[in-house]
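Participant: To be precise about what I am sending: the file is called protein.cif and holds mmCIF, C-alpha atoms.
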data_entry
#
loop_
_atom_site.label_atom_id
_atom_site.label_comp_id
_atom_site.auth_asym_id
_atom_site.auth_seq_id
_atom_site.Cartn_x
_atom_site.Cartn_y
_atom_site.Cartn_z
CA MET A 23 22.36 18.62 14.64
CA ILE A 24 22.70 14.84 14.40
CA LYS A 25 19.37 14.28 16.15
CA LYS A 26 17.35 16.11 13.51
CA HIS A 27 18.74 13.92 10.73
CA ILE A 28 17.82 10.58 12.36
CA PRO A 29 14.18 10.48 11.07
CA ASN A 30 15.32 11.54 7.58
CA THR A 31 17.91 8.74 7.56
CA VAL A 32 15.16 6.24 8.38
CA THR A 33 13.07 7.71 5.53
CA LEU A 34 16.00 7.24 3.15
CA ALA A 35 16.25 3.60 4.30
CA ASN A 36 12.63 3.27 3.16
CA LEU A 37 13.61 4.68 -0.25
CA LEU A 38 16.68 2.42 -0.55
CA CYS A 39 14.66 -0.70 0.22
CA GLY A 40 12.08 0.38 -2.36
CA CYS A 41 14.87 0.55 -4.94
CA LEU A 42 16.13 -2.89 -3.89
CA ALA A 43 12.60 -4.29 -4.19
CA LEU A 44 12.46 -2.98 -7.77
CA ILE A 45 15.80 -4.60 -8.60
CA SER A 46 14.51 -7.87 -7.13
CA ILE A 47 11.39 -7.74 -9.31
CA PHE A 48 13.21 -6.97 -12.54
CA THR A 49 15.98 -9.54 -11.92
CA ASN A 50 13.44 -12.26 -11.00
CA GLN A 51 14.69 -12.55 -7.41
CA LEU A 52 11.11 -12.37 -6.16
CA GLU A 53 11.77 -14.11 -2.84
CA MET A 54 13.54 -10.91 -1.70
CA VAL A 55 10.63 -8.58 -2.49
CA PRO A 56 8.66 -9.20 0.75
CA PHE A 57 11.84 -8.63 2.80
CA PHE A 58 12.59 -5.24 1.24
CA ILE A 59 8.96 -4.10 1.30
CA GLY A 60 8.76 -5.14 4.96
CA ILE A 61 11.73 -2.93 5.85
CA SER A 62 10.22 -0.05 3.85
CA LEU A 63 6.96 -0.40 5.80
CA LEU A 64 8.77 -0.39 9.14
CA ALA A 65 10.87 2.63 8.15
CA ASP A 66 7.77 4.48 6.93
CA TYR A 67 6.04 3.83 10.26
CA PHE A 68 8.95 4.77 12.50
CA ASP A 69 10.34 7.86 10.73
CA GLY A 70 7.34 9.97 11.73
CA LEU A 71 7.28 8.45 15.21
CA LEU A 72 10.97 9.28 15.70
CA ALA A 73 10.43 12.82 14.43
CA ARG A 74 7.69 13.36 17.02
CA LEU A 75 9.65 11.76 19.87
CA LEU A 76 12.78 13.76 19.06
CA LYS A 77 10.69 16.88 18.35
CA VAL A 78 12.37 17.46 15.00
CA ASN A 79 9.34 17.57 12.67
CA SER A 80 10.16 19.59 9.58
CA PRO A 81 8.69 20.41 6.14
CA MET A 82 11.73 18.76 4.55
CA GLY A 83 11.02 15.53 6.42
CA ARG A 84 7.44 15.56 5.17
CA GLU A 85 8.58 16.01 1.56
CA LEU A 86 11.24 13.32 1.88
CA ASP A 87 8.63 10.93 3.24
CA SER A 88 6.36 11.43 0.22
CA LEU A 89 9.25 11.08 -2.23
CA ALA A 90 10.40 7.83 -0.59
CA ASP A 91 6.82 6.53 -0.51
CA MET A 92 6.44 7.27 -4.21
CA VAL A 93 9.14 4.71 -4.96
CA SER A 94 8.46 2.09 -2.26
CA PHE A 95 4.66 2.26 -2.35
CA GLY A 96 4.04 3.80 -5.77
CA VAL A 97 6.49 2.38 -8.29
CA VAL A 98 6.95 -0.99 -6.54
CA PRO A 99 3.26 -2.08 -6.60
CA GLY A 100 3.08 -0.97 -10.23
CA ALA A 101 6.14 -3.09 -11.02
CA MET A 102 4.64 -6.11 -9.21
CA LEU A 103 1.41 -5.79 -11.21
CA TYR A 104 3.46 -5.35 -14.40
CA TYR A 105 5.29 -8.59 -13.59
CA LEU A 106 2.05 -10.46 -12.84
CA MET A 107 0.36 -9.18 -16.00
CA ASN A 108 3.31 -10.34 -18.09
CA GLN A 109 3.12 -13.74 -16.41
CA THR A 110 -0.45 -14.19 -17.66
CA ARG A 111 0.88 -14.29 -21.24
CA GLY A 112 4.35 -15.71 -20.59
CA ILE A 113 6.05 -12.47 -21.61
CA ALA A 114 9.48 -11.75 -20.12
CA GLY A 115 9.57 -8.05 -20.97
CA VAL A 116 8.28 -5.22 -23.13
CA ASP A 117 9.12 -4.92 -26.80
CA PHE A 118 8.13 -1.43 -27.92
CA GLY A 119 8.01 -2.69 -31.49
CA ASP A 120 5.32 -5.21 -30.53
CA PRO A 121 2.23 -3.44 -29.12
CA SER A 122 0.84 -6.69 -27.67
CA THR A 123 3.67 -6.74 -25.14
CA LEU A 124 2.71 -3.30 -23.80
CA LEU A 125 -0.43 -4.50 -22.03
CA GLY A 126 1.54 -5.25 -18.87
CA LEU A 127 2.22 -1.54 -18.51
CA VAL A 128 -1.40 -1.17 -17.34
CA GLY A 129 -0.01 -2.23 -13.95
CA PHE A 130 1.72 1.13 -13.67
CA LEU A 131 -1.69 2.79 -13.60
CA VAL A 132 -1.41 2.24 -9.84
CA THR A 133 1.90 4.13 -9.88
CA LEU A 134 0.35 7.13 -11.62
CA PHE A 135 -2.58 7.32 -9.20
CA SER A 136 -0.23 6.80 -6.24
CA CYS A 137 1.60 9.92 -7.38
CA VAL A 138 -1.68 11.88 -7.48
CA ARG A 139 -2.66 10.46 -4.08
CA LEU A 140 0.64 11.48 -2.43
CA ALA A 141 0.44 14.98 -3.92
CA LYS A 142 -3.12 15.36 -2.61
CA PHE A 143 -2.07 14.05 0.81
CA ASN A 144 0.58 16.76 1.17
CA LEU A 145 -2.00 19.46 0.49
CA ASP A 146 -5.03 17.96 2.25
CA THR A 147 -5.45 19.29 5.80
CA ARG A 148 -8.16 16.68 6.51
CA GLN A 149 -5.70 13.79 6.62
CA THR A 150 -4.08 14.42 9.99
CA GLU A 151 -5.92 11.75 12.02
CA GLY A 152 -6.85 9.38 9.18
CA PHE A 153 -6.81 9.04 5.41
CA VAL A 154 -9.10 10.07 2.58
CA GLY A 155 -8.72 7.29 0.06
CA LEU A 156 -6.59 4.17 0.25
CA ASN A 157 -3.07 4.85 1.54
CA THR A 158 -0.18 3.70 -0.65
CA PRO A 159 1.37 1.22 1.86
CA ALA A 160 -1.96 -0.64 2.12
CA CYS A 161 -2.18 -0.77 -1.67
CA THR A 162 1.35 -2.20 -1.82
CA ILE A 163 0.60 -4.85 0.82
CA PHE A 164 -2.45 -6.01 -1.16
CA VAL A 165 -0.45 -6.39 -4.39
CA LEU A 166 2.40 -8.11 -2.52
CA GLY A 167 -0.16 -10.63 -1.26
CA LEU A 168 -1.18 -11.39 -4.86
CA LEU A 169 2.46 -11.86 -5.85
CA LEU A 170 3.06 -14.29 -2.97
CA ILE A 171 -0.11 -16.21 -3.85
CA THR A 172 1.24 -16.84 -7.35
CA LEU A 173 4.76 -17.72 -6.19
CA GLY A 174 3.52 -20.40 -3.78
CA ASP A 175 0.27 -21.23 -5.60
CA LEU A 176 -1.44 -20.71 -2.25
CA TYR A 177 -4.76 -22.57 -1.98
CA GLY A 178 -4.47 -23.32 -5.71
CA MET A 179 -5.27 -19.66 -6.48
CA LYS A 180 -2.38 -18.99 -8.87
CA THR A 181 -4.54 -19.53 -11.96
CA PHE A 182 -7.25 -17.27 -10.54
CA VAL A 183 -4.80 -14.43 -9.85
CA LEU A 184 -2.91 -14.82 -13.13
CA ASN A 185 -5.94 -13.82 -15.13
CA GLU A 186 -5.74 -10.71 -17.30
CA VAL A 187 -9.29 -9.55 -16.54
CA PHE A 188 -8.74 -9.98 -12.79
CA LEU A 189 -5.40 -8.12 -12.77
CA TYR A 190 -6.68 -5.27 -14.96
CA SER A 191 -9.67 -4.95 -12.65
CA VAL A 192 -7.35 -4.87 -9.61
CA ALA A 193 -5.27 -2.10 -11.21
CA VAL A 194 -8.36 0.00 -12.00
CA VAL A 195 -10.07 -0.52 -8.62
CA LEU A 196 -6.90 0.23 -6.63
CA SER A 197 -6.27 3.34 -8.74
CA TYR A 198 -9.78 4.57 -7.99
CA LEU A 199 -9.50 3.82 -4.26
CA LEU A 200 -6.20 5.72 -4.01
CA ILE A 201 -7.93 8.99 -4.88
CA ALA A 202 -11.48 8.21 -3.73
CA GLU A 203 -13.17 10.56 -1.27
CA ILE A 204 -13.68 7.71 1.20
CA PRO A 205 -12.42 8.21 4.78
CA MET A 206 -10.17 5.38 5.93
CA PHE A 207 -8.76 5.01 9.41
CA SER A 208 -5.05 5.33 10.12
CA PHE A 209 -3.01 2.46 11.57
CA LYS A 210 -1.12 4.82 13.89
CA PHE A 211 -2.14 5.06 17.56
CA LYS A 212 -2.27 8.59 19.00
CA SER A 213 -2.39 7.27 22.58
CA LEU A 214 -2.30 3.98 24.52
CA GLU A 215 -5.91 4.35 25.67
CA LEU A 216 -8.69 2.19 24.21
CA LYS A 217 -10.90 5.25 23.79
CA GLY A 218 -10.50 6.55 20.27
CA ASN A 219 -8.58 3.42 19.22
CA LYS A 220 -11.34 0.77 19.24
CA ILE A 221 -11.35 0.40 15.47
CA ARG A 222 -7.56 0.08 15.35
CA VAL A 223 -7.52 -2.50 18.15
CA SER A 224 -10.27 -4.49 16.41
CA PHE A 225 -8.34 -4.32 13.16
CA ILE A 226 -5.17 -5.59 14.87
CA LEU A 227 -7.12 -8.54 16.32
CA VAL A 228 -8.51 -9.39 12.88
CA THR A 229 -4.99 -9.07 11.43
CA ILE A 230 -3.61 -11.51 14.00
CA LEU A 231 -6.52 -13.89 13.32
CA CYS A 232 -5.90 -13.78 9.54
CA LEU A 233 -2.15 -14.31 9.92
CA GLY A 234 -2.80 -17.26 12.21
CA SER A 235 -5.51 -18.81 10.02
CA PHE A 236 -4.26 -18.29 6.46
CA LYS A 237 -1.00 -18.62 4.60
CA PHE A 238 1.02 -15.41 4.69
CA GLY A 239 0.48 -14.10 1.16
CA ALA A 240 -3.25 -14.80 1.17
CA ALA A 241 -3.54 -13.26 4.64
CA LEU A 242 -1.94 -10.00 3.44
CA SER A 243 -4.47 -9.44 0.66
CA LEU A 244 -7.34 -10.54 2.90
CA ILE A 245 -6.31 -8.11 5.65
CA ILE A 246 -6.27 -5.17 3.23
CA LEU A 247 -9.63 -6.24 1.77
CA PHE A 248 -11.06 -6.22 5.28
CA TYR A 249 -9.50 -2.79 5.93
CA ILE A 250 -11.10 -1.37 2.78
CA LEU A 251 -14.48 -2.96 3.52
CA ILE A 252 -14.68 -1.80 7.15
CA SER A 253 -13.63 1.73 6.11
CA ILE A 254 -16.36 1.84 3.44
CA LEU A 255 -18.97 0.48 5.88
CA LEU A 256 -18.01 3.07 8.51
CA TRP A 257 -18.19 5.80 5.87
CA MET A 258 -21.60 4.65 4.64
CA GLY A 259 -22.81 4.36 8.25
CA GLY A 260 -21.76 7.95 8.87
CA MET A 261 -23.58 9.07 5.74
CA LEU A 262 -26.76 7.29 6.85
CA LYS A 263 -26.58 8.94 10.27
CA ARG A 264 -26.23 12.37 8.67
CA GLU A 265 -29.20 11.68 6.38
CA LYS A 266 -31.35 10.63 9.34
CA ARG A 267 -30.45 13.79 11.24
CA ALA A 268 -31.38 15.85 8.16
CA PHE A 269 -34.90 14.39 8.29
#
Once you've parsed the file, please lay out its structure as structure tokens.
Facilitator:
Amino acid sequence: MIKKHIPNTVTLANLLCGCLALISIFTNQLEMVPFFIGISLLADYFDGLLARLLKVNSPMGRELDSLADMVSFGVVPGAMLYYLMNQTRGIAGVDFGDPSTLLGLVGFLVTLFSCVRLAKFNLDTRQTEGFVGLNTPACTIFVLGLLLITLGDLYGMKTFVLNEVFLYSVAVVLSYLLIAEIPMFSFKFKSLELKGNKIRVSFILVTILCLGSFKFGAALSLIILFYILISILLWMGGMLKREKRAF
């Protein structure tokens, strides 16, 4: 009886750290945000792995996972974008009596589309080996990278990131990618063999290279950009192959 609750406990740790990340954002303790998101990411990776190893997969575990992800990788990136958008105009918070202060809420567009994405994922039988559309943890990592760039003014890019047009564009593009019909590979290995895992191994090597060559925050956003680009290129390559076969 205890064994079957272990994966769910790890999932709840993901949820708790998502809540703590939100508190950190709204109390301006931003140095803690990467720590809590990091634990959420680890918990999200290992809860499913533990469920498979312990052979205690369950529908409840699947639902809990999505609910936890909605907070940690749905609400949290929206809150980070909200914070960044407010920073562009030096606004500390929203005043519902002043419509000009509501523009930062555009950041939560990512939260709304994350909700749609997670609902689709639970119903989509195609997403067992990979993803269709950008997964919510990857979206969160990208936004976290932007936050860290502004906190440390990495490579002098703070001014570039804290630009309303740029941040609104990021919110719209990420929202689209979350529900786009674009196949994207999963980070999870199904076996220890190279066969069937070449893309994942290559991606890990690029990740290590980026982390070793760039400052941490910039590396995070760059890694996710590479992930999106390689997924789109693979998708377009597959489409071209199908078109050639049709002729």
Participant: Under the rule that only C-alpha atoms are counted, which of A:Val128, A:Val183, A:Ile163, A:Leu156 is the nearest residue to Ser253 of chain A?
Facilitator: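 Smallest separation from Ser253 of chain A among the options: A:Leu156.
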Participant: I'd like a table as JSON lines: residues in segment 133-154 of chain A with an atom no more than 12 Å from segment 189-199 of chain A, each row giving the shortest atom pair and its distance in Å to one decimal, all atoms listed in the file counted, sorted by chain and rising residue number.
Facilitator:
{"residue": "A:Thr133", "atom": "CA", "partner": "A:Ser197", "partner_atom": "CA", "distance": 8.3}
{"residue": "A:Leu134", "atom": "CA", "partner": "A:Ser197", "partner_atom": "CA", "distance": 8.2}
{"residue": "A:Phe135", "atom": "CA", "partner": "A:Ser197", "partner_atom": "CA", "distance": 5.4}
{"residue": "A:Ser136", "atom": "CA", "partner": "A:Ser197", "partner_atom": "CA", "distance": 7.4}
{"residue": "A:Cys137", "atom": "CA", "partner": "A:Ser197", "partner_atom": "CA", "distance": 10.3}
{"residue": "A:Val138", "atom": "CA", "partner": "A:Ser197", "partner_atom": "CA", "distance": 9.8}
{"residue": "A:Arg139", "atom": "CA", "partner": "A:Ser197", "partner_atom": "CA", "distance": 9.2}
{"residue": "A:Phe153", "atom": "CA", "partner": "A:Leu199", "partner_atom": "CA", "distance": 11.3}
{"residue": "A:Val154", "atom": "CA", "partner": "A:Leu199", "partner_atom": "CA", "distance": 9.3}
Participant: Once the PyMOL selection byres ((chain A and resi 107-109) around 9) is applied to the coordinates I shared, what remains selected? I want it as a list in words.
Facilitator: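 The output of the PyMOL selection byres ((chain A and resi 107-109) around 9) on this file is Met102, Leu103, Tyr104, Tyr105, Leu106, Thr110, Arg111, Gly112, Ile113, Ala114, Gly115, Val116, Thr123, Leu125, Gly126, Leu127, Val128, Gly129, Leu184, Asn185, Glu186, Leu189 and Tyr190 of chain A.
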Participant: Spell out the residues picked by the PyMOL selection byres ((chain A and resi 239) around 9) here, as a ChimeraX atom specification.
Facilitator: /A:164,166-172,174,176,236-238,240-244
Participant: Can I get the selected residues back with C-alpha atoms, as an mmCIF file, keeping the file's coordinate frame?
Facilitator:
data_model
loop_
_atom_site.group_PDB
_atom_site.id
_atom_site.type_symbol
_atom_site.label_atom_id
_atom_site.label_comp_id
_atom_site.auth_asym_id
_atom_site.auth_seq_id
_atom_site.Cartn_x
_atom_site.Cartn_y
_atom_site.Cartn_z
ATOM 1 C CA PHE A 164 -2.450 -6.010 -1.160
ATOM 2 C CA LEU A 166 2.400 -8.110 -2.520
ATOM 3 C CA GLY A 167 -0.160 -10.630 -1.260
ATOM 4 C CA LEU A 168 -1.180 -11.390 -4.860
ATOM 5 C CA LEU A 169 2.460 -11.860 -5.850
ATOM 6 C CA LEU A 170 3.060 -14.290 -2.970
ATOM 7 C CA ILE A 171 -0.110 -16.210 -3.850
ATOM 8 C CA THR A 172 1.240 -16.840 -7.350
ATOM 9 C CA GLY A 174 3.520 -20.400 -3.780
ATOM 10 C CA LEU A 176 -1.440 -20.710 -2.250
ATOM 11 C CA PHE A 236 -4.260 -18.290 6.460
ATOM 12 C CA LYS A 237 -1.000 -18.620 4.600
ATOM 13 C CA PHE A 238 1.020 -15.410 4.690
ATOM 14 C CA ALA A 240 -3.250 -14.800 1.170
ATOM 15 C CA ALA A 241 -3.540 -13.260 4.640
ATOM 16 C CA LEU A 242 -1.940 -10.000 3.440
ATOM 17 C CA SER A 243 -4.470 -9.440 0.660
ATOM 18 C CA LEU A 244 -7.340 -10.540 2.900
#
Participant: Figure out the distance between atom CA of Gly96 of chain A and atom CA of Ser80 of chain A, please, to one decimal in Å.
Facilitator: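 Going from atom CA of Ser80 of chain A over to atom CA of Gly96 of chain A, I get 22.9 Å.
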Participant: So which residues touch Gly70 of chain A within 12 Å, counting only C-alpha atoms, skipping near sequence neighbours fewer than 2 positions away, as an NGL selection string?
Facilitator: :A and (26 or 28-33 or 63-68 or 72-81 or 83-88 or 210)
Participant: The PyMOL selection byres ((chain A and resi 54-57) around 9) - which residues does that actually catch in the file I just gave you? List them as a list in words.
Facilitator: Cys39, Leu42, Ala43, Leu44, Ile45, Ser46, Ile47, Gln51, Leu52, Glu53, Phe58, Ile59, Gly60, Ile61, Ser62, Leu166 and Leu170 of chain A
Participant: For atom CA of Met206 of chain A and atom CA of Thr229 of chain A, determine how far apart the two atoms are, in Å to one decimal place.
Facilitator: 16.3 Å
Participant: Quick check, in Å to one decimal: how far apart do atom CA of Val98 of chain A and atom CA of Leu227 of chain A lie?
Facilitator: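 Atom CA of Leu227 of chain A lies at a distance of 27.9 Å from atom CA of Val98 of chain A.
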